[in-house]
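So this block is query05.cif, mmCIF, C-alpha atoms:
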```
data_work
loop_
_atom_site.label_atom_id
_atom_site.label_comp_id
_atom_site.auth_asym_id
_atom_site.auth_seq_id
_atom_site.Cartn_x
_atom_site.Cartn_y
_atom_site.Cartn_z
CA MET A 1419 5.93 -34.45 1.16
CA THR A 1420 2.85 -32.29 1.72
CA LEU A 1421 4.90 -29.13 2.22
CA PHE A 1422 7.07 -29.97 -0.79
CA VAL A 1423 3.97 -30.20 -2.99
CA LEU A 1424 2.50 -27.05 -1.39
CA PHE A 1425 5.52 -24.82 -1.99
CA GLY A 1426 6.67 -26.55 -5.18
CA SER A 1427 3.34 -26.10 -6.95
CA LEU A 1428 3.09 -22.52 -5.60
CA LEU A 1429 6.47 -21.52 -7.07
CA LEU A 1430 5.84 -23.35 -10.34
CA MET A 1431 2.49 -21.66 -10.93
CA LEU A 1432 3.89 -18.24 -10.00
CA VAL A 1433 6.70 -18.70 -12.53
CA LEU A 1434 4.18 -19.79 -15.17
CA GLY A 1435 2.19 -16.61 -14.59
CA PHE A 1436 -1.04 -17.98 -13.10
CA PRO A 1437 -3.21 -15.48 -11.18
CA VAL A 1438 -2.33 -15.33 -7.49
CA MET A 1439 -5.73 -16.52 -6.26
CA VAL A 1440 -5.59 -19.55 -8.60
CA THR A 1441 -2.01 -20.28 -7.54
CA LEU A 1442 -2.84 -20.22 -3.82
CA GLY A 1443 -6.00 -22.29 -4.20
CA ALA A 1444 -4.56 -24.89 -6.57
CA SER A 1445 -1.35 -25.42 -4.57
CA SER A 1446 -3.39 -25.84 -1.37
CA LEU A 1447 -5.73 -28.37 -3.00
CA ALA A 1448 -2.76 -30.28 -4.45
CA ALA A 1449 -1.20 -30.53 -0.98
CA ILE A 1450 -4.51 -31.68 0.53
CA LEU A 1451 -4.88 -34.40 -2.11
CA VAL A 1452 -1.33 -35.65 -1.53
CA GLU A 1453 -2.01 -35.78 2.21
CA GLY A 1454 -5.02 -37.98 1.64
CA GLY A 1455 -7.75 -35.40 1.26
CA VAL A 1456 -10.14 -33.78 3.72
CA PRO A 1457 -13.92 -33.37 3.48
CA ASP A 1458 -14.97 -30.64 1.07
CA PHE A 1459 -16.95 -28.80 3.72
CA ILE A 1460 -13.80 -28.26 5.82
CA VAL A 1461 -12.05 -26.53 2.92
CA MET A 1462 -15.13 -24.41 2.23
CA HIS A 1463 -15.43 -23.58 5.93
CA ARG A 1464 -11.84 -22.34 5.96
CA MET A 1465 -12.39 -20.21 2.87
CA VAL A 1466 -15.60 -18.65 4.17
CA GLY A 1467 -14.09 -18.19 7.63
CA GLY A 1468 -11.17 -16.32 6.15
CA MET A 1469 -13.53 -13.79 4.57
CA ASP A 1470 -15.93 -13.59 7.53
CA SER A 1471 -14.48 -10.55 9.26
CA PHE A 1472 -16.18 -7.21 9.88
CA PRO A 1473 -13.08 -5.06 9.17
CA LEU A 1474 -12.85 -6.58 5.68
CA LEU A 1475 -16.07 -4.75 4.84
CA SER A 1476 -13.97 -1.60 4.64
CA ILE A 1477 -12.11 -2.91 1.58
CA PRO A 1478 -14.78 -2.28 -1.09
CA PHE A 1479 -15.61 1.10 0.41
CA PHE A 1480 -12.00 2.32 0.51
CA VAL A 1481 -11.53 1.08 -3.07
CA LEU A 1482 -14.72 2.84 -4.17
CA ALA A 1483 -13.79 6.05 -2.32
CA GLY A 1484 -10.41 6.19 -4.09
CA SER A 1485 -12.01 5.56 -7.48
CA LEU A 1486 -14.64 8.24 -6.88
CA MET A 1487 -11.90 10.72 -5.95
CA ASN A 1488 -10.18 10.06 -9.26
CA SER A 1489 -13.41 10.24 -11.24
CA ALA A 1490 -14.72 13.42 -9.60
CA GLY A 1491 -11.71 15.53 -10.59
CA ILE A 1492 -10.51 15.79 -7.02
CA THR A 1493 -6.97 14.68 -7.90
CA SER A 1494 -6.38 17.76 -10.08
CA ARG A 1495 -7.42 20.07 -7.23
CA ILE A 1496 -5.02 18.29 -4.88
CA PHE A 1497 -2.21 18.61 -7.43
CA ASP A 1498 -2.83 22.36 -7.86
CA PHE A 1499 -2.80 22.89 -4.08
CA ALA A 1500 0.44 20.94 -3.63
CA ARG A 1501 1.93 22.92 -6.53
CA ALA A 1502 1.14 26.21 -4.82
CA ILE A 1503 2.75 25.06 -1.56
CA VAL A 1504 6.03 23.46 -2.72
CA GLY A 1505 6.29 24.28 -6.43
CA TRP A 1506 8.63 27.21 -5.66
CA MET A 1507 11.45 24.87 -4.55
CA PRO A 1508 14.21 23.77 -6.99
CA GLY A 1509 12.89 20.70 -8.76
CA GLY A 1510 9.45 22.05 -7.91
CA LEU A 1511 7.30 19.48 -9.69
CA GLY A 1512 9.22 16.65 -8.04
CA HIS A 1513 8.31 18.07 -4.64
CA VAL A 1514 4.74 18.62 -5.84
CA ASN A 1515 4.64 14.96 -6.83
CA VAL A 1516 5.52 13.88 -3.29
CA GLY A 1517 3.25 16.43 -1.59
CA ALA A 1518 0.23 15.47 -3.69
CA SER A 1519 0.82 11.79 -2.87
CA VAL A 1520 0.83 12.57 0.86
CA ILE A 1521 -2.53 14.33 0.57
CA PHE A 1522 -4.05 11.67 -1.68
CA ALA A 1523 -2.77 8.95 0.67
CA GLY A 1524 -5.33 10.10 3.21
CA MET A 1525 -8.10 9.29 0.72
CA SER A 1526 -7.28 6.14 -1.26
CA GLY A 1527 -5.03 3.87 0.81
CA ALA A 1528 -3.68 2.14 -2.30
CA ALA A 1529 -0.43 2.70 -4.20
CA VAL A 1530 -1.91 1.68 -7.55
CA ALA A 1531 -4.76 4.21 -7.19
CA ASP A 1532 -2.19 6.93 -6.51
CA ALA A 1533 -0.04 5.90 -9.47
CA GLY A 1534 -2.97 5.59 -11.86
CA GLY A 1535 -4.86 8.70 -10.72
CA LEU A 1536 -2.32 11.34 -9.69
CA GLY A 1537 0.43 9.72 -11.76
CA ALA A 1538 -1.18 10.66 -15.06
CA ILE A 1539 -1.46 14.33 -14.03
CA GLU A 1540 2.01 14.49 -12.49
CA ILE A 1541 3.91 12.86 -15.34
CA LYS A 1542 2.13 15.00 -17.93
CA ALA A 1543 3.00 18.21 -16.06
CA MET A 1544 6.63 17.17 -15.57
CA ARG A 1545 6.99 16.21 -19.22
CA GLN A 1546 5.64 19.57 -20.33
CA ALA A 1547 8.12 21.31 -18.00
CA GLY A 1548 11.04 19.47 -19.60
CA TYR A 1549 11.88 16.99 -16.85
CA ASP A 1550 13.63 13.77 -17.78
CA PRO A 1551 10.98 11.02 -18.30
CA GLY A 1552 12.96 8.62 -16.14
CA PHE A 1553 13.03 11.03 -13.21
CA SER A 1554 9.33 11.75 -13.64
CA VAL A 1555 8.39 8.07 -13.55
CA GLY A 1556 10.84 7.26 -10.75
CA ILE A 1557 9.60 9.87 -8.28
CA THR A 1558 5.96 9.16 -9.18
CA ALA A 1559 6.45 5.45 -8.52
CA ALA A 1560 8.31 6.01 -5.25
CA SER A 1561 5.84 8.58 -3.91
CA SER A 1562 2.88 6.30 -4.66
CA THR A 1563 4.13 3.88 -1.99
CA ILE A 1564 3.27 6.47 0.67
CA GLY A 1565 -0.44 5.76 0.03
CA PRO A 1566 -0.68 2.45 1.92
CA ILE A 1567 1.39 3.71 4.87
CA ILE A 1568 -0.46 6.93 5.73
CA PRO A 1569 -4.01 6.02 6.81
CA PRO A 1570 -6.31 4.74 5.49
CA SER A 1571 -4.54 1.66 4.13
CA LEU A 1572 -5.94 -1.48 2.53
CA PRO A 1573 -2.82 -3.58 3.29
CA LEU A 1574 -2.94 -2.52 6.95
CA VAL A 1575 -6.61 -3.57 7.12
CA ILE A 1576 -5.66 -7.02 5.79
CA TYR A 1577 -2.73 -7.25 8.20
CA GLY A 1578 -4.92 -6.20 11.13
CA VAL A 1579 -7.41 -8.96 10.35
CA MET A 1580 -4.71 -11.62 9.89
CA ALA A 1581 -2.78 -10.56 13.02
CA SER A 1582 -5.86 -9.82 15.17
CA THR A 1583 -4.43 -6.35 15.78
CA SER A 1584 -6.24 -3.03 16.21
CA ILE A 1585 -6.66 -1.38 12.82
CA GLY A 1586 -7.01 2.01 14.50
CA GLN A 1587 -3.58 1.56 16.11
CA LEU A 1588 -2.10 0.43 12.79
CA PHE A 1589 -3.48 3.53 11.07
CA ALA A 1590 -2.01 5.77 13.78
CA ALA A 1591 1.32 3.94 13.56
CA GLY A 1592 1.63 4.62 9.83
CA LEU A 1593 1.39 8.40 9.97
CA ILE A 1594 4.93 9.28 11.12
CA PRO A 1595 6.68 6.67 8.89
CA GLY A 1596 4.62 7.93 5.94
CA LEU A 1597 5.71 11.51 6.55
CA MET A 1598 9.30 10.30 6.94
CA MET A 1599 9.05 8.64 3.53
CA ALA A 1600 7.83 11.92 2.05
CA GLY A 1601 10.68 13.86 3.68
CA ALA A 1602 13.30 11.37 2.49
CA LEU A 1603 11.97 11.47 -1.08
CA MET A 1604 11.94 15.27 -1.08
CA LEU A 1605 15.59 15.26 -0.01
CA MET A 1606 16.26 12.95 -2.96
CA VAL A 1607 14.42 15.35 -5.27
CA ALA A 1608 16.49 18.24 -3.91
CA TRP A 1609 19.69 16.33 -4.68
CA TYR A 1610 18.50 15.61 -8.25
CA ALA A 1611 17.49 19.26 -8.68
CA HIS A 1612 20.94 20.44 -7.58
CA ARG A 1613 22.79 17.96 -9.77
CA TYR A 1614 20.72 18.39 -12.94
CA GLN A 1615 19.66 22.00 -12.43
CA TYR A 1616 15.94 21.26 -12.41
CA PRO A 1617 13.95 24.50 -12.33
CA ARG A 1618 11.48 25.90 -9.86
CA ASP A 1619 7.94 25.41 -11.10
CA ILE A 1620 6.25 28.61 -9.94
CA GLY A 1621 7.03 31.37 -7.49
CA PHE A 1622 5.54 31.28 -4.03
CA ALA A 1623 2.48 33.48 -3.68
CA LEU A 1624 0.07 33.55 -0.76
CA HIS A 1625 -2.87 34.43 -2.99
CA ARG A 1626 -2.20 31.30 -5.10
CA VAL A 1627 -1.99 29.12 -1.98
CA TRP A 1628 -5.25 30.58 -0.70
CA HIS A 1629 -7.02 30.22 -4.04
CA THR A 1630 -5.98 26.58 -4.55
CA PHE A 1631 -6.74 25.82 -0.90
CA CYS A 1632 -10.27 27.13 -1.32
CA ARG A 1633 -10.74 25.05 -4.48
CA ALA A 1634 -9.42 21.93 -2.76
CA PHE A 1635 -10.83 22.57 0.73
CA LEU A 1636 -13.75 20.17 0.50
CA SER A 1637 -11.47 17.53 -1.02
CA LEU A 1638 -8.93 18.03 1.76
CA MET A 1639 -11.65 17.32 4.31
CA THR A 1640 -11.72 13.68 3.21
CA PRO A 1641 -8.55 12.63 5.10
CA LEU A 1642 -9.77 14.59 8.12
CA ILE A 1643 -13.08 12.72 8.07
CA ILE A 1644 -11.41 9.32 7.70
CA VAL A 1645 -8.41 9.66 9.98
CA GLY A 1646 -9.95 12.05 12.48
CA GLY A 1647 -13.08 9.94 12.81
CA ILE A 1648 -11.06 6.80 13.52
CA VAL A 1649 -8.60 8.45 15.93
CA LEU A 1650 -11.35 10.22 17.89
CA GLY A 1651 -13.37 7.02 18.14
CA ILE A 1652 -16.28 8.35 16.09
CA PHE A 1653 -15.90 5.67 13.41
CA THR A 1654 -14.52 2.20 13.12
CA ALA A 1655 -12.32 1.71 10.03
CA THR A 1656 -15.29 0.21 8.20
CA GLU A 1657 -17.64 3.04 9.12
CA ALA A 1658 -14.99 5.60 8.13
CA ALA A 1659 -14.73 3.96 4.70
CA ILE A 1660 -18.50 4.18 4.24
CA ALA A 1661 -18.46 7.84 5.31
CA ALA A 1662 -15.67 8.52 2.79
CA VAL A 1663 -17.72 6.99 -0.04
CA ILE A 1664 -20.80 9.06 0.85
CA TYR A 1665 -18.72 12.22 1.08
CA ALA A 1666 -16.93 11.53 -2.23
CA MET A 1667 -20.27 10.91 -3.96
CA MET A 1668 -21.68 14.16 -2.59
CA LEU A 1669 -18.64 16.09 -3.80
CA GLY A 1670 -18.66 14.53 -7.26
CA ALA A 1671 -22.39 14.58 -7.88
CA LEU A 1672 -23.69 17.64 -6.00
CA VAL A 1673 -20.78 20.04 -5.46
CA TYR A 1674 -18.36 19.65 -8.37
CA ARG A 1675 -20.97 18.03 -10.68
CA THR A 1676 -18.30 15.93 -12.37
CA LEU A 1677 -19.72 12.51 -11.48
CA SER A 1678 -22.35 11.24 -13.91
CA TRP A 1679 -24.57 8.18 -13.49
CA LYS A 1680 -22.66 6.43 -16.24
CA ARG A 1681 -19.34 7.06 -14.54
CA LEU A 1682 -20.72 6.04 -11.14
CA ILE A 1683 -21.89 2.70 -12.55
CA SER A 1684 -18.51 2.18 -14.24
CA VAL A 1685 -16.61 2.95 -11.02
CA SER A 1686 -18.92 0.67 -9.04
CA MET A 1687 -18.30 -2.23 -11.42
CA GLU A 1688 -14.54 -1.67 -11.19
CA THR A 1689 -14.84 -1.73 -7.40
CA ILE A 1690 -16.80 -4.98 -7.48
CA GLU A 1691 -14.16 -6.57 -9.70
CA THR A 1692 -11.27 -5.38 -7.53
CA THR A 1693 -12.99 -6.42 -4.30
CA GLY A 1694 -13.88 -9.83 -5.74
CA ILE A 1695 -10.24 -10.48 -6.62
CA ILE A 1696 -9.05 -9.39 -3.16
CA MET A 1697 -11.61 -11.53 -1.36
CA MET A 1698 -10.81 -14.58 -3.46
CA ILE A 1699 -7.11 -14.12 -2.63
CA ILE A 1700 -8.02 -13.94 1.07
CA ALA A 1701 -10.22 -17.04 0.81
CA ALA A 1702 -7.57 -19.09 -1.01
CA SER A 1703 -4.79 -17.90 1.29
CA SER A 1704 -6.89 -18.91 4.32
CA VAL A 1705 -6.64 -22.54 3.22
CA PHE A 1706 -2.94 -22.07 2.48
CA SER A 1707 -2.36 -20.55 5.93
CA TRP A 1708 -4.33 -23.37 7.57
CA LEU A 1709 -1.99 -25.91 5.99
CA LEU A 1710 1.03 -23.93 7.19
CA THR A 1711 -0.37 -23.84 10.72
CA SER A 1712 -1.38 -27.51 10.82
CA HIS A 1713 2.12 -28.54 9.74
CA HIS A 1714 3.79 -26.23 12.29
CA VAL A 1715 5.67 -24.30 9.64
CA ALA A 1716 5.88 -21.17 11.81
CA GLU A 1717 7.36 -23.05 14.75
CA ASN A 1718 9.84 -24.95 12.59
CA PHE A 1719 10.86 -21.81 10.72
CA ALA A 1720 11.34 -19.98 14.01
CA SER A 1721 13.51 -22.82 15.34
CA TRP A 1722 15.60 -22.73 12.17
CA MET A 1723 16.12 -18.98 12.40
CA LEU A 1724 17.03 -19.13 16.07
CA ALA A 1725 19.47 -21.95 15.32
CA PHE A 1726 20.94 -19.86 12.51
CA THR A 1727 21.50 -16.87 14.78
CA SER A 1728 20.39 -15.73 18.23
CA SER A 1729 20.85 -12.04 17.46
CA PRO A 1730 17.50 -10.17 17.34
CA THR A 1731 19.06 -7.64 14.95
CA ALA A 1732 20.19 -10.37 12.55
CA ILE A 1733 16.79 -12.09 12.70
CA LEU A 1734 14.97 -8.82 11.95
CA LEU A 1735 17.31 -8.17 9.02
CA LEU A 1736 16.73 -11.71 7.75
CA MET A 1737 12.94 -11.28 7.97
CA THR A 1738 13.27 -7.93 6.19
CA LEU A 1739 15.22 -9.63 3.41
CA ILE A 1740 12.57 -12.36 3.13
CA LEU A 1741 9.80 -9.76 2.88
CA PHE A 1742 11.73 -7.81 0.26
CA VAL A 1743 12.32 -10.90 -1.91
CA VAL A 1744 8.69 -12.03 -1.56
CA GLY A 1745 7.52 -8.51 -2.44
CA CYS A 1746 9.46 -8.74 -5.70
CA PHE A 1747 7.46 -11.78 -6.80
CA MET A 1748 4.10 -11.75 -5.04
CA GLU A 1749 1.10 -9.43 -4.83
CA THR A 1750 0.92 -7.50 -1.54
CA ILE A 1751 -2.32 -8.90 -0.10
CA ALA A 1752 -1.35 -12.49 -0.89
CA ALA A 1753 2.08 -11.96 0.70
CA ILE A 1754 0.50 -10.55 3.87
CA THR A 1755 -1.98 -13.38 4.27
CA ILE A 1756 0.71 -16.03 3.76
CA LEU A 1757 3.56 -14.50 5.76
CA VAL A 1758 1.78 -13.10 8.82
CA PRO A 1759 1.17 -16.54 10.40
CA VAL A 1760 4.81 -17.47 9.78
CA LEU A 1761 6.74 -14.31 10.63
CA LEU A 1762 4.61 -12.55 13.24
CA PRO A 1763 5.16 -15.15 16.01
CA ILE A 1764 8.91 -14.86 15.49
CA ALA A 1765 8.76 -11.06 15.64
CA VAL A 1766 6.66 -11.16 18.83
CA SER A 1767 9.11 -13.60 20.42
CA LEU A 1768 11.84 -11.01 19.79
CA GLY A 1769 9.79 -8.36 21.58
CA VAL A 1770 8.57 -6.57 18.43
CA ASP A 1771 5.11 -5.06 18.87
CA PRO A 1772 2.57 -6.49 16.36
CA VAL A 1773 1.62 -2.92 15.39
CA GLN A 1774 5.23 -2.02 14.62
CA PHE A 1775 5.70 -5.26 12.68
CA GLY A 1776 2.65 -4.42 10.59
CA ILE A 1777 4.26 -1.16 9.46
CA ILE A 1778 7.55 -2.98 8.79
CA MET A 1779 5.80 -5.62 6.70
CA VAL A 1780 3.62 -3.25 4.66
CA LEU A 1781 6.44 -0.76 4.01
CA ASN A 1782 8.69 -3.60 2.88
CA LEU A 1783 6.06 -5.00 0.53
CA MET A 1784 5.37 -1.52 -0.85
CA ILE A 1785 9.02 -1.34 -1.91
CA GLY A 1786 8.38 -4.65 -3.68
CA LEU A 1787 5.77 -2.87 -5.83
CA LEU A 1788 8.67 -0.92 -7.36
CA THR A 1789 10.82 -3.94 -8.24
CA PRO A 1790 10.62 -6.37 -11.15
CA PRO A 1791 9.36 -8.89 -12.08
CA VAL A 1792 5.94 -8.15 -10.52
CA GLY A 1793 6.29 -4.40 -9.81
CA LEU A 1794 2.60 -3.59 -10.28
CA VAL A 1795 3.14 0.17 -9.88
CA LEU A 1796 5.81 0.05 -12.60
CA TYR A 1797 3.38 -1.63 -15.01
CA VAL A 1798 0.72 1.01 -14.30
CA LEU A 1799 3.13 3.91 -14.80
CA SER A 1800 4.57 2.33 -17.92
CA GLN A 1801 1.07 2.42 -19.41
CA VAL A 1802 0.38 5.95 -18.15
CA SER A 1803 3.69 7.45 -19.28
CA LYS A 1804 4.28 5.33 -22.43
CA VAL A 1805 7.80 4.68 -21.09
CA PRO A 1806 9.06 1.09 -21.54
CA PHE A 1807 8.81 -1.07 -18.42
CA GLU A 1808 12.58 -1.65 -18.33
CA ARG A 1809 13.21 2.12 -18.33
CA CYS A 1810 10.63 2.60 -15.57
CA ALA A 1811 12.33 -0.05 -13.44
CA SER A 1812 15.85 1.33 -13.87
CA ALA A 1813 14.71 4.93 -13.26
CA THR A 1814 12.98 3.93 -10.02
CA MET A 1815 15.99 2.11 -8.52
CA PRO A 1816 17.72 5.24 -7.06
CA PHE A 1817 14.52 6.16 -5.22
CA LEU A 1818 14.59 2.85 -3.36
CA ILE A 1819 17.54 4.18 -1.32
CA PRO A 1820 15.55 6.71 0.80
CA LEU A 1821 12.68 4.24 1.18
CA ILE A 1822 15.01 1.50 2.45
CA LEU A 1823 16.64 3.95 4.88
CA VAL A 1824 13.21 4.80 6.32
CA LEU A 1825 12.42 1.07 6.52
CA MET A 1826 15.59 0.47 8.57
CA LEU A 1827 14.73 3.34 10.92
CA VAL A 1828 11.18 2.06 11.43
CA THR A 1829 12.53 -1.47 12.03
CA PHE A 1830 15.11 -0.57 14.66
CA VAL A 1831 13.55 2.54 16.26
CA PRO A 1832 10.16 1.33 17.56
CA GLY A 1833 9.10 4.76 18.80
CA LEU A 1834 8.74 6.05 15.24
CA SER A 1835 5.73 3.81 14.66
CA LEU A 1836 4.52 3.25 18.24
CA TRP A 1837 4.54 6.79 19.64
CA LEU A 1838 1.16 7.83 18.21
CA PRO A 1839 -0.67 4.55 18.97
CA THR A 1840 0.69 4.71 22.53
CA LEU A 1841 -0.38 8.34 22.90
CA ILE A 1842 -3.90 7.80 21.53
CA TYR A 1843 -4.88 4.24 22.41
CA ARG A 1844 -2.70 2.92 25.23
#
```
Step by step, read the file and then write its structure as structure tokens.
Amino acid sequence: MTLFVLFGSLLLMLVLGFPVMVTLGASSLAAILVEGGVPDFIVMHRMVGGMDSFPLLSIPFFVLAGSLMNSAGITSRIFDFARAIVGWMPGGLGHVNVGASVIFAGMSGAAVADAGGLGAIEIKAMRQAGYDPGFSVGITAASSTIGPIIPPSLPLVIYGVMASTSIGQLFAAGLIPGLMMAGALMLMVAWYAHRYQYPRDIGFALHRVWHTFCRAFLSLMTPLIIVGGIVLGIFTATEAAIAAVIYAMMLGALVYRTLSWKRLISVSMETIETTGIIMMIIAASSVFSWLLTSHHVAENFASWMLAFTSSPTAILLLMTLILFVVGCFMETIAAITILVPVLLPIAVSLGVDPVQFGIIMVLNLMIGLLTPPVGLVLYVLSQVSKVPFERCASATMPFLIPLILVLMLVTFVPGLSLWLPTLIYR
């Protein structure tokens, strides 16, 4: 009865459109009341305990660093540099779109920040060059999902905390899959360019590459500071996030002089709001996860899956399908905090490394950001591009094909995600 109330109220409130943190908290409290209630201090202890983790301190700093990058005009410098490198290829601006997302991924760690920051520049440039609006939105949406795979990554930080897994190893594991996503999307762009005769953007010129590189050099140092510092053991993920914020503030305020006090205060307030929402989701989902654990949901679900099939391949495909469906309806961080306690033990029992499973889970949920009805990236790009949400969704569907192919490779070829962590940490 308790689990029926827990999941029934969760689904009902999601359908009715309640905020995720309210949905998780209210469904958990309803289940507790049906069970007979527990002392208030136990619920509060679980909520506070869920947020009491040092790596979670990196969340506000990574959010702030990404916002500062957008506000300081760094995104336009990145776009110009990517344009000089790959703009000469057929369908040039499509390739630029992907290349700029790869560079920006090493700064923000969030798909929505990529879509909202770079997306506005990319879609405007592609519209002016005569590209189909659907293609422009589709490739922008798909390329934004690279952000949370290439380090740093907010979802991987949350997963690392929930799974008690090294965040440094998770960051290293995401690099090759992220580059594979970029390569697959560029192949898709090349196919579109051939079929629809999309033009080259600009000719290749070394002087242009050098000029844009010089303009963007200090901006391009940001991923090196974050990723290099973590990989070399100079920083923890949290310390790297703080260093990124300090560096972004120095660039915006002292070097480029594009960051005013007014804008800094505005960005800081946006960061506080975003962080508050994330932390409340984590707190509420901690109670939800506690109920799942106390009622042995993971063990029972594992027994059901093993009774359904004993094939590791079939079980991995079934878990992938579950993640994909959940990603269509639930916000990424909430999905991670709920599903890790349920699915990770099953994956480990099949011999899947927790680091590899983290990449599988996050990549799968990133694809969910491109699918209705939630599709947060689609909503952002619909606002940025003034293209109706339905058109954004339909235009993005073809770009799911290369992303799903990469997901399958990462799922069934462990070396793609584990080679770097093994080389660096093990």
Open item on the list: Between atom CA of Pro1566 of chain A and atom CA of Leu1821 of chain A, what distance in Å does the model show, to one decimal?
Closed with: 13.5 Å
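Closest approach to Gly1467 of chain A among A:Met1606, A:Trp1708, A:Leu1761, A:Gly1578: A:Trp1708, based on only C-alpha atoms.
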- [ ] Considering only C-alpha atoms, state which residue in the set A:Val1627, A:Ser1812, A:Pro1595, A:Ala1666 is at the smallest distance from Trp1837 of chain A.
- [x] A:Pro1595
Task: Output check: residues returned by the PyMOL selection byres ((chain A and resi 1767) around 12), as a PyMOL selection string - done: chain A and resi 1716-1717+1720-1721+1723-1724+1728+1730+1733-1734+1761-1766+1768-1772+1775
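With atom CA of Leu1486 of chain A on one side and atom CA of Leu1796 of chain A on the other, the separation reads 22.8 Å.
Minimum distance to Ile1564 of chain A across A:Thr1789, A:Asn1782, A:Ser1800, A:Ser1427 (counting only C-alpha atoms) occurs at A:Asn1782.
This file, queried with the PyMOL selection byres ((chain A and resi 1697) around 10), gives the residues Met1439, Met1465, Val1466, Gly1468, Met1469, Leu1474, Ile1477, Pro1478, Thr1692, Thr1693, Gly1694, Ile1695, Ile1696, Met1698, Ile1699, Ile1700, Ala1701, Ala1702, Ser1703 and Ile1751 of chain A.
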- [ ] Go through A:Val1705, A:Val1715, A:Val1831, A:Cys1632 and flag the residue nearest Val1461 of chain A, using only C-alpha atoms for the distances.
- [x]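 Between A:Val1705, A:Val1715, A:Val1831, A:Cys1632, the residue approaching Val1461 of chain A most closely is A:Val1705.
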Could you state which residues are captured by the PyMOL selection byres ((chain A and resi 1568) around 8) in this file, as a short mmCIF file (atom, residue, chain, number, x, y, z; two decimals) with C-alpha atoms, in the coordinates of the input?
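Resulting contents of selection27.cif:
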```cif
data_model
loop_
_atom_site.label_atom_id
_atom_site.label_comp_id
_atom_site.auth_asym_id
_atom_site.auth_seq_id
_atom_site.Cartn_x
_atom_site.Cartn_y
_atom_site.Cartn_z
CA VAL A 1520 0.83 12.57 0.86
CA ALA A 1523 -2.77 8.95 0.67
CA GLY A 1524 -5.33 10.10 3.21
CA GLY A 1527 -5.03 3.87 0.81
CA ILE A 1564 3.27 6.47 0.67
CA GLY A 1565 -0.44 5.76 0.03
CA PRO A 1566 -0.68 2.45 1.92
CA ILE A 1567 1.39 3.71 4.87
CA PRO A 1569 -4.01 6.02 6.81
CA PRO A 1570 -6.31 4.74 5.49
CA SER A 1571 -4.54 1.66 4.13
CA PHE A 1589 -3.48 3.53 11.07
CA GLY A 1592 1.63 4.62 9.83
CA LEU A 1593 1.39 8.40 9.97
CA ILE A 1594 4.93 9.28 11.12
CA PRO A 1595 6.68 6.67 8.89
CA GLY A 1596 4.62 7.93 5.94
CA LEU A 1597 5.71 11.51 6.55
#
```
Task: Distance of atom CA of Met1784 of chain A from atom CA of Leu1574 of chain A, expressed in Å to one decimal place - done: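 Here the two named atoms are 11.4 Å from each other.
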Task: Proximity to Gln1801 of chain A - best of A:Ile1778, A:Val1555, A:Leu1834, A:Met1826, only C-alpha atoms - done: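 Distance minimum relative to Gln1801 of chain A lands on A:Val1555.
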TODO: Go through A:Met1599, A:Met1639, A:Leu1672, A:Ile1620 and flag the residue nearest Asp1498 of chain A, using only C-alpha atoms for the distances.
DONE: A:Ile1620
TODO: Please identify all polymer residues within 7 Å of Ala1813 of chain A, counting only C-alpha atoms, omitting same-chain residues fewer than 5 positions from it, and present them as a PyMOL selection string.
DONE: chain A and resi 1552-1553+1556
Contact table segment 1571-1611 of chain A vs segment 1755-1758 of chain A, cut-off 10 Å, shortest pair per residue, only C-alpha atoms, as CSV:
```
residue,atom,partner,partner_atom,distance
A:Pro1573,CA,A:Thr1755,CA,9.9
A:Ile1576,CA,A:Thr1755,CA,7.5
A:Tyr1577,CA,A:Thr1755,CA,7.3
A:Gly1578,CA,A:Val1758,CA,9.9
A:Val1579,CA,A:Thr1755,CA,9.3
A:Met1580,CA,A:Thr1755,CA,6.5
A:Ala1581,CA,A:Val1758,CA,6.7
```
- [ ] Name the residues within 10 Å of (5.5, 11.4, -15.4), counting only C-alpha atoms in the file's coordinates, and put them as a ChimeraX atom specification.
- [x] /A:1512,1515,1533,1536-1546,1549-1559,1799-1800,1802-1805
- [ ] Excluding Ile1819 of chain A and residues on its chain fewer than 4 positions from it, collect all residues at most 10 Å away from it, counting only C-alpha atoms, and give them as a VMD selection string.
- [x] chain A and resid 1602 to 1603 1606 1814 to 1815 1823 to 1825
